[in-house]
Every structure is written in C-alpha cells, then in structure tokens.
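To be precise, the following lines are target-v4.cif, and they hold mmCIF, C-alpha atoms and all ligand atoms.
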data_my_file
#
loop_
_atom_site.label_atom_id
_atom_site.label_comp_id
_atom_site.auth_asym_id
_atom_site.auth_seq_id
_atom_site.Cartn_x
_atom_site.Cartn_y
_atom_site.Cartn_z
CA MET A 27 130.75 116.69 74.76
CA ALA A 28 133.19 115.76 72.03
CA GLU A 29 132.52 117.21 68.60
CA GLN A 30 132.41 113.96 66.74
CA HIS A 31 129.86 112.82 64.27
CA ALA A 32 128.06 109.65 64.91
CA GLN A 33 128.53 107.54 61.82
CA LEU A 34 126.81 104.22 62.13
CA THR A 35 128.76 101.28 60.73
CA ALA A 36 127.43 99.13 57.91
CA SER A 37 126.25 96.45 60.33
CA GLU A 38 124.58 99.04 62.55
CA GLN A 39 122.82 100.42 59.53
CA ASP A 40 121.33 97.05 58.67
CA SER A 41 117.69 97.92 58.94
CA LYS A 42 116.38 94.40 58.27
CA PRO A 43 114.70 93.05 61.38
CA ARG A 44 117.01 90.37 62.77
CA PRO A 45 115.61 86.95 63.68
CA MET A 46 114.48 86.79 67.29
CA SER A 47 117.25 84.44 68.43
CA SER A 48 120.05 86.87 67.49
CA ARG A 49 118.42 89.75 69.31
CA LYS A 50 120.05 90.69 72.58
CA PRO A 51 117.54 90.70 75.46
CA ILE A 52 116.71 93.93 77.26
CA ARG A 53 118.47 93.48 80.61
CA LYS A 54 119.22 97.05 81.60
CA ALA A 55 117.09 100.12 82.19
CA VAL A 56 118.06 103.74 82.68
CA PHE A 57 115.98 105.95 84.99
CA PRO A 58 116.84 109.64 84.64
CA VAL A 59 116.08 110.94 88.15
CA ALA A 60 118.35 113.95 88.52
CA GLY A 61 115.64 116.58 87.92
CA LEU A 62 114.98 119.21 90.57
CA GLY A 63 111.21 118.71 90.67
CA THR A 64 110.51 122.43 90.93
CA ARG A 65 106.88 121.94 89.89
CA PHE A 66 106.16 120.18 93.16
CA LEU A 67 107.84 122.62 95.52
CA PRO A 68 107.79 122.89 98.46
CA ALA A 69 107.08 119.12 98.68
CA THR A 70 110.26 118.36 96.77
CA LYS A 71 112.60 120.72 98.59
CA ALA A 72 114.18 117.95 100.66
CA ILE A 73 112.91 114.77 98.97
CA PRO A 74 113.23 113.71 95.34
CA LYS A 75 110.02 114.02 93.28
CA GLU A 76 110.43 110.35 92.37
CA MET A 77 109.84 109.53 96.05
CA LEU A 78 106.41 111.18 96.10
CA ALA A 79 103.94 108.39 96.77
CA ILE A 80 100.81 107.42 94.86
CA VAL A 81 98.82 105.92 97.77
CA ASP A 82 101.72 104.08 99.43
CA ARG A 83 104.31 103.41 96.74
CA PRO A 84 106.74 106.05 95.53
CA LEU A 85 106.72 106.81 91.81
CA ILE A 86 110.15 105.25 91.32
CA GLN A 87 108.85 101.98 92.76
CA TYR A 88 106.12 101.77 90.12
CA ALA A 89 108.72 102.24 87.37
CA VAL A 90 111.12 99.65 88.83
CA ASP A 91 108.28 97.15 89.27
CA GLU A 92 107.28 97.70 85.64
CA ALA A 93 110.89 97.07 84.59
CA ARG A 94 111.13 93.88 86.62
CA GLU A 95 107.87 92.63 85.17
CA ALA A 96 109.42 93.07 81.71
CA GLY A 97 112.41 90.90 82.69
CA ILE A 98 114.85 93.77 83.21
CA GLU A 99 117.53 92.93 85.76
CA GLN A 100 119.71 95.98 86.17
CA MET A 101 118.39 99.43 87.09
CA ILE A 102 120.65 102.37 86.35
CA PHE A 103 119.63 105.54 88.16
CA VAL A 104 121.04 108.75 86.73
CA THR A 105 120.93 110.85 89.86
CA GLY A 106 122.18 114.15 91.16
CA ARG A 107 122.64 115.94 94.44
CA GLY A 108 119.88 115.41 96.99
CA LYS A 109 118.68 112.16 95.48
CA THR A 110 120.10 109.63 97.94
CA ALA A 111 116.61 108.73 99.25
CA ILE A 112 115.99 106.88 95.97
CA VAL A 113 118.97 104.60 96.53
CA GLU A 114 118.10 104.18 100.22
CA HIS A 115 114.64 103.07 99.17
CA PHE A 116 116.04 100.02 97.37
CA ASP A 117 118.50 99.12 100.12
CA ILE A 118 117.90 96.89 103.12
CA ALA A 119 116.85 99.04 106.07
CA TYR A 120 118.39 96.94 108.82
CA GLU A 121 117.01 98.85 111.81
CA LEU A 122 113.51 98.94 110.32
CA GLU A 123 113.47 95.24 109.51
CA ASN A 124 114.91 94.31 112.87
CA THR A 125 112.30 96.32 114.75
CA MET A 126 109.47 95.03 112.58
CA GLY A 127 110.73 91.48 113.10
CA GLU A 128 110.79 91.91 116.89
CA ARG A 129 107.24 93.21 116.80
CA GLY A 130 106.08 90.35 114.60
CA LYS A 131 105.04 92.67 111.75
CA ASP A 132 104.51 91.39 108.23
CA MET A 133 107.49 92.51 106.14
CA ALA A 134 106.04 91.54 102.77
CA VAL A 135 105.40 95.25 102.09
CA LEU A 136 109.15 95.67 101.80
CA ASP A 137 109.66 92.85 99.29
CA ALA A 138 109.57 95.03 96.19
CA THR A 139 112.14 97.40 97.68
CA ARG A 140 114.79 94.70 98.13
CA ALA A 141 117.44 94.68 95.45
CA THR A 142 120.18 92.13 94.95
CA PRO A 143 123.60 93.80 95.13
CA GLY A 144 124.50 94.96 91.63
CA ASP A 145 120.87 95.32 90.50
CA ILE A 146 120.82 99.01 91.32
CA ILE A 147 123.58 101.18 89.94
CA THR A 148 123.83 104.93 90.13
CA VAL A 149 125.67 107.40 87.97
CA ARG A 150 125.62 111.14 88.50
CA GLN A 151 124.50 113.77 86.07
CA GLN A 152 126.59 116.64 87.34
CA VAL A 153 125.05 119.37 85.23
CA PRO A 154 121.40 119.56 84.13
CA LEU A 155 121.92 119.68 80.36
CA GLY A 156 118.75 117.80 79.40
CA LEU A 157 117.28 114.32 79.04
CA GLY A 158 119.65 113.34 76.22
CA HIS A 159 122.62 114.26 78.36
CA ALA A 160 121.21 112.31 81.33
CA ILE A 161 120.96 109.15 79.23
CA TRP A 162 124.46 109.70 77.84
CA CYS A 163 125.77 109.78 81.44
CA ALA A 164 124.85 106.07 81.69
CA ARG A 165 126.81 105.01 78.58
CA ALA A 166 129.59 103.11 80.39
CA ILE A 167 127.11 100.97 82.31
CA VAL A 168 124.82 100.39 79.34
CA GLY A 169 127.75 99.24 77.21
CA ASP A 170 127.04 97.49 73.95
CA GLU A 171 123.49 96.34 74.65
CA PRO A 172 120.01 97.52 73.77
CA PHE A 173 118.47 99.09 76.85
CA ALA A 174 115.23 100.51 78.21
CA ILE A 175 114.52 103.99 79.53
CA PHE A 176 111.81 104.90 82.04
CA LEU A 177 110.71 108.44 82.85
CA PRO A 178 109.16 107.83 86.29
CA ASP A 179 106.89 110.91 86.04
CA GLU A 180 104.90 108.99 83.50
CA LEU A 181 102.94 106.42 85.47
CA MET A 182 101.88 103.58 83.18
CA ILE A 183 99.42 101.13 84.67
CA GLY A 184 98.37 97.96 82.87
CA ASN A 185 94.69 97.09 82.58
CA LYS A 186 93.28 94.63 85.08
CA GLY A 187 94.78 91.27 84.23
CA GLY A 188 96.90 92.89 81.49
CA THR A 189 100.64 93.55 81.35
CA GLY A 190 102.61 96.73 81.95
CA CYS A 191 103.86 99.08 79.27
CA MET A 192 107.48 97.88 79.13
CA LYS A 193 106.44 94.24 78.96
CA GLN A 194 104.26 95.08 75.95
CA MET A 195 107.23 96.89 74.41
CA VAL A 196 109.61 93.98 75.05
CA GLU A 197 107.12 91.69 73.32
CA ALA A 198 106.99 94.06 70.35
CA TYR A 199 110.79 94.22 70.37
CA ALA A 200 110.97 90.44 70.05
CA GLU A 201 109.00 90.87 66.84
CA VAL A 202 110.56 93.92 65.17
CA GLY A 203 113.83 94.69 67.02
CA GLY A 204 115.53 98.05 66.60
CA ASN A 205 114.25 101.04 68.55
CA LEU A 206 110.84 101.43 70.17
CA ILE A 207 109.06 104.21 71.99
CA SER A 208 105.68 104.21 73.72
CA VAL A 209 103.16 106.68 72.34
CA LEU A 210 99.67 107.90 73.07
CA GLU A 211 97.34 110.51 71.61
CA VAL A 212 96.74 113.81 73.39
CA PRO A 213 94.49 116.78 72.53
CA ASP A 214 95.85 119.43 70.11
CA ASP A 215 96.55 122.00 72.79
CA GLU A 216 98.85 119.63 74.73
CA VAL A 217 101.01 118.35 71.88
CA SER A 218 103.66 121.07 72.06
CA SER A 219 104.68 119.98 75.59
CA TYR A 220 106.01 116.65 74.36
CA GLY A 221 108.11 114.74 71.83
CA VAL A 222 105.88 113.97 68.84
CA ILE A 223 106.12 111.32 66.11
CA ALA A 224 105.48 111.53 62.38
CA PRO A 225 103.69 108.21 61.96
CA GLY A 226 104.10 105.80 59.09
CA GLU A 227 102.33 102.50 58.54
CA ALA A 228 100.46 100.99 61.47
CA ARG A 229 99.84 97.33 62.31
CA GLY A 230 98.15 96.27 65.54
CA ASN A 231 99.73 98.23 68.40
CA LEU A 232 102.81 99.08 66.29
CA THR A 233 103.31 102.21 64.21
CA GLU A 234 106.35 102.87 62.09
CA VAL A 235 108.12 106.08 63.14
CA ARG A 236 109.09 108.28 60.16
CA GLY A 237 110.11 111.36 62.09
CA LEU A 238 110.41 112.78 65.60
CA VAL A 239 110.25 116.33 66.87
CA GLU A 240 110.67 117.60 70.42
CA LYS A 241 108.12 120.15 71.64
CA PRO A 242 106.98 121.42 68.23
CA PRO A 243 105.53 124.95 68.14
CA ARG A 244 101.72 125.09 68.23
CA GLY A 245 100.16 124.05 64.94
CA GLN A 246 103.36 122.47 63.61
CA ALA A 247 103.20 119.02 65.16
CA PRO A 248 103.31 116.11 62.68
CA SER A 249 100.62 114.23 64.67
CA ASN A 250 98.94 113.99 68.08
CA LYS A 251 100.97 110.95 69.04
CA ILE A 252 103.35 111.89 71.82
CA ILE A 253 106.26 109.99 73.37
CA SER A 254 105.03 108.82 76.74
CA GLY A 255 108.19 108.10 78.67
CA ARG A 256 109.18 104.52 77.79
CA TYR A 257 111.90 103.63 75.32
CA ILE A 258 113.88 100.64 74.07
CA LEU A 259 116.96 101.90 72.27
CA GLN A 260 119.99 100.43 70.59
CA PRO A 261 123.36 101.31 72.13
CA GLU A 262 124.38 103.33 69.05
CA VAL A 263 122.21 106.15 70.37
CA MET A 264 124.98 106.89 72.87
CA ARG A 265 127.35 107.82 70.06
CA VAL A 266 124.71 110.02 68.50
CA LEU A 267 124.16 111.71 71.87
CA GLU A 268 127.88 112.30 72.19
CA ALA A 269 127.68 114.76 69.31
CA GLN A 270 124.15 116.01 69.90
CA GLU A 271 123.73 119.75 69.97
CA LYS A 272 121.25 121.60 72.14
CA GLY A 273 117.65 121.58 70.93
CA ALA A 274 114.27 122.61 72.35
CA GLY A 275 114.58 124.62 75.57
CA GLY A 276 118.36 124.87 75.11
CA GLU A 277 118.70 121.24 76.28
CA ILE A 278 120.36 118.17 74.77
CA GLN A 279 117.27 116.28 73.69
CA LEU A 280 116.98 112.52 73.48
CA THR A 281 114.31 112.99 70.82
CA ASP A 282 116.77 114.77 68.49
CA ALA A 283 119.30 111.94 68.84
CA MET A 284 116.61 109.32 68.21
CA ALA A 285 115.48 111.20 65.10
CA LYS A 286 118.94 110.56 63.64
CA MET A 287 118.53 106.80 64.10
CA ILE A 288 115.44 106.72 61.87
CA GLY A 289 116.34 105.16 58.54
CA GLN A 290 119.49 103.66 60.01
CA GLN A 291 117.72 101.09 62.20
CA PRO A 292 114.09 99.96 62.57
CA PHE A 293 112.07 102.48 64.59
CA HIS A 294 108.57 101.81 65.89
CA ALA A 295 106.07 103.25 68.30
CA VAL A 296 104.00 101.05 70.60
CA THR A 297 100.54 102.21 71.66
CA PHE A 298 100.21 101.03 75.24
CA ASP A 299 97.11 99.05 76.07
CA GLY A 300 96.59 100.46 79.56
CA ARG A 301 96.37 103.75 81.42
CA ARG A 302 98.84 106.60 81.67
CA PHE A 303 98.95 109.30 84.33
CA ASP A 304 101.13 112.36 83.89
CA CYS A 305 102.50 112.57 87.42
CA GLY A 306 104.79 115.43 86.41
CA SER A 307 101.70 117.64 86.75
CA LYS A 308 99.84 118.21 90.00
CA THR A 309 96.43 117.37 88.57
CA GLY A 310 97.81 114.21 86.93
CA PHE A 311 99.31 113.23 90.27
CA VAL A 312 95.99 113.70 92.06
CA GLU A 313 94.17 111.80 89.31
CA ALA A 314 96.59 108.86 89.68
CA THR A 315 96.17 108.89 93.46
CA LEU A 316 92.38 108.80 93.18
CA ALA A 317 92.31 106.21 90.41
CA LEU A 318 94.66 103.80 92.15
CA ALA A 319 93.06 104.31 95.56
CA LEU A 320 89.59 103.66 94.12
CA GLU A 321 90.63 100.33 92.68
CA ARG A 322 92.40 99.05 95.78
CA GLU A 323 90.58 96.22 97.50
CA ASP A 324 91.64 97.37 100.96
CA MET A 325 90.34 100.94 100.62
CA GLY A 326 88.47 101.43 97.32
CA ALA A 327 84.96 101.34 98.78
CA GLU A 328 85.86 103.76 101.57
CA VAL A 329 87.58 106.19 99.21
CA ARG A 330 84.54 106.12 96.94
CA ARG A 331 82.26 107.03 99.84
CA MET A 332 84.62 109.84 100.84
CA ALA A 333 84.76 111.19 97.30
CA GLU A 334 80.97 111.12 97.01
CA ARG A 335 80.64 112.95 100.32
CA LEU A 336 83.14 115.59 99.22
CA LEU A 337 81.41 116.09 95.87
CA ALA A 338 78.00 116.43 97.54
CA ASN A 339 79.18 119.35 99.69
C1 LIG B 401 110.37 114.36 78.02
C2 LIG B 401 110.74 114.04 76.58
C3 LIG B 401 109.52 114.12 75.68
C4 LIG B 401 108.41 113.22 76.20
C5 LIG B 401 108.10 113.57 77.68
C6 LIG B 401 107.13 112.58 78.27
O1 LIG B 401 110.03 115.73 78.09
O2 LIG B 401 111.75 114.91 76.15
O3 LIG B 401 109.85 113.74 74.37
O4 LIG B 401 107.25 113.35 75.42
O5 LIG B 401 109.30 113.55 78.48
O6 LIG B 401 106.74 112.97 79.54
P1 LIG B 401 109.99 116.54 79.49
O7 LIG B 401 108.71 116.16 80.16
O8 LIG B 401 111.19 116.11 80.26
O9 LIG B 401 110.02 117.99 79.10
#
Please, can you express the file's structure as structure tokens?
Amino acid sequence: MAEQHAQLTASEQDSKPRPMSSRKPIRKAVFPVAGLGTRFLPATKAIPKEMLAIVDRPLIQYAVDEAREAGIEQMIFVTGRGKTAIVEHFDIAYELENTMGERGKDMAVLDATRATPGDIITVRQQVPLGLGHAIWCARAIVGDEPFAIFLPDELMIGNKGGTGCMKQMVEAYAEVGGNLISVLEVPDDEVSSYGVIAPGEARGNLTEVRGLVEKPPRGQAPSNKIISGRYILQPEVMRVLEAQEKGAGGEIQLTDAMAKMIGQQPFHAVTFDGRRFDCGSKTGFVEATLALALEREDMGAEVRRMAERLLAN
C-alpha cells in the first residue's frame, strides 16, 4: 500500500453533525468474505464458512437480509479463491427453478436469494492482509459515499417484532451522522479477542467513542464494550487504510484506521437491541442453530421435545 498519510480536508474534519437532509443515505455494504474459515475445518474445506447454514439459511443470507431491511441496495462481497458458492447463492439457478416449476413446488423459499443484476458485486482480496485491507479492496466500488460493513460471522437477530441491527444503526445515523459501530458488552476474559471502545458520554442506545483498540492485552482494555461486526463508515476511512500499518496479529486492522477518524468526524457506538450469536465459534454456531430452531413455528415444538429428550439421557 502506498506510503501516504491520510490528511482529512477541512470539510472532512467538520465534526458538527450535519442536518439530516444533507446526509448521504447508506446504499452500499461491504461483506468481507475472503477468510479461510480454518476454525470450521473440515466442514469448510470445499465450501465457504459463510455458506454454513443456521437451520436452513446460510450465514451470508442473514447478513444480506439484514442489509436489505436497512435499505441497502448494493452488496459488495470481498471474496477470494474458493468462494464462488457465495455468488452462486445469489444468482438465479435456472435448472433448479425449472425443475421445481415443472413439479409445482413453491419457489418462495428462493425469493431472498434473487438479486437484481448489479446488486451483488464482487472484488477479490488477493492476499490475506487483514480486515482493514479487505475493506480497502472495495474502495473503487464504495467511491465517495458512506457505507456499511457486515462481518457475517456475527449473527445479529432483532427481537420479535423489532428491527435488525443495521436498521437500528441507520436510524441512529440519521440522527448523528459520521461513523457508527455496533457494540455489546462481554465478560472480562473475552475482551482481548475483539476490538474494544473507550466510551464517552452515553444517551439512549448511543455512546460516544473516544478511543478504539484492537485485541488489547488482558487487563488493558478500556472497557468491556466490543465491536460486534456492524459498521457505518465515511468514505475517508479508505484513505486512512491506504496508509495503515500492520497492527494486532500482524494484520492491517480496520479498528486502527477507525481510531484515526475519532476527533476528525463524529464517532458513535450503537448498542443493539436484539440478540447476537458469535458464529465464528463452534459453540456460538450451535447456540444460534438451537435458538433459531426453537423459535421457528414449523419446528420449534418438535426441537424442544428433542432437546428435552437429549438432556434427560
Ligand atoms: C474482527 C474485528 C474486531 C471485532 C470482531 C467482531 O476481529 O477486527 O474489532 O470485534 O471482528 O467479531 P476478528 O474476529 O476478525 O479477529
């Protein structure tokens, strides 16, 4: 990456929240999906981890549905080798639809997988240099607009009758503008696995972000509030990423680039009113599967009986 320093211009540095009408809407979302998924081997040897299903929907589908619910129109997948199944998933499967049609099967299950041409765009991350680098790979498609980021490992499910995480963030964005990240509290012994915020003033579900640190050593975290995989960022972050040096784990970290935006532009954290499952871990994945199966009308009662039977043995 070029060795240039990201100087924000005077207008970019304007930290006063702009009136709602002058705020550009969030139309684009970046999904970094180039990771190897080694934690789920051998399941992920030949299929992307984002295609692992919670009940009957792959993880990537949950993230795209959440984006659509928030009004986002264009999905940018930052992919790598071996990830074509993700793109196939959002394409029209002609043979499948034809056969289902001939057999009179209900094709509504495929509705959420249909994308209008141009809605799904892929860029490749050719070398695994970290999350910050993955986001930077999407810079040409993001252009000069604020954009969202979804880490599909983090499954965010709205409460019954409530809205999804990104929709809550877009609503907060309409109020405060600038940059937003979703946060939640985790126990002390888990904090060092995540990006962590130094919180400032809090109001409702919004907390001002005064500092950010990626994977702080044990005992050195500024709080228990961790970044939980949803972001709304201003396009200037791409220029910061351009010059970003390696951080925690020897990777180019998005968190380090975001930390440089604090003080230059408004920066807030949104506490999601809903549930989060860490599907990057096996136990989190199983928990999500159980939780979502138990609340399904078509199978919840049966799954509950099965679980009770298993626990009794
Ligand atoms: C990434 C981010 C981290 C965030 C986490 C959420 O870390 O770098 O700030 O808290 O996702 O899951 P990773 O899980 O890729 O190590």
*Name the residues in contact with range 147-159 of chain A at a cut-off of 7 Å, using all atoms listed in the file, excluding same-chain residues fewer than 5 positions from it; report them as a VMD selection string.*
chain A and resid 60 101 to 106 164 267 277 to 280
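Each of A:Gly204, A:Pro51, A:Pro58, A:Gly300 was compared to ligand LIG 401 (chain B) using all atoms listed in the file, and A:Pro58 turns out to be the nearest.
Taking only C-alpha atoms into account, Gly237 in chain A lies nearest to A:His294 out of the set A:Arg83, A:His294, A:Arg140, A:Arg302.
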Assuming 3 Å of padding per side, give the centre and edge lengths of the axis-aligned box around every listed atom of ligand LIG 401 (chain B), in Å to one decimal and as JSON.
{"center_x": 109.2, "center_y": 115.3, "center_z": 77.3, "size_x": 11.0, "size_y": 11.4, "size_z": 11.9}
*So, counting all atoms listed in the file, which residue among A:Gly245, A:Gly230, A:Gly144, A:Gly97 is closest to Phe173 in chain A?*
A:Gly97
*asked:* Using only C-alpha atoms and a cutoff of 12 Å, can you tell me which residues are near (104.9, 105.8, 61.8) in the file's coordinates, and write them out as a PyMOL selection string?
replied: chain A and resi 206-207+209+222-229+231-238+248-252+288-289+292-297
*asked:* Which residues are near ligand LIG 401 (chain B) - at most 6 Å, using all atoms listed in the file? Format: as an MDAnalysis selection string.
replied: chainID A and resid 180 220:221 240 252:255 281
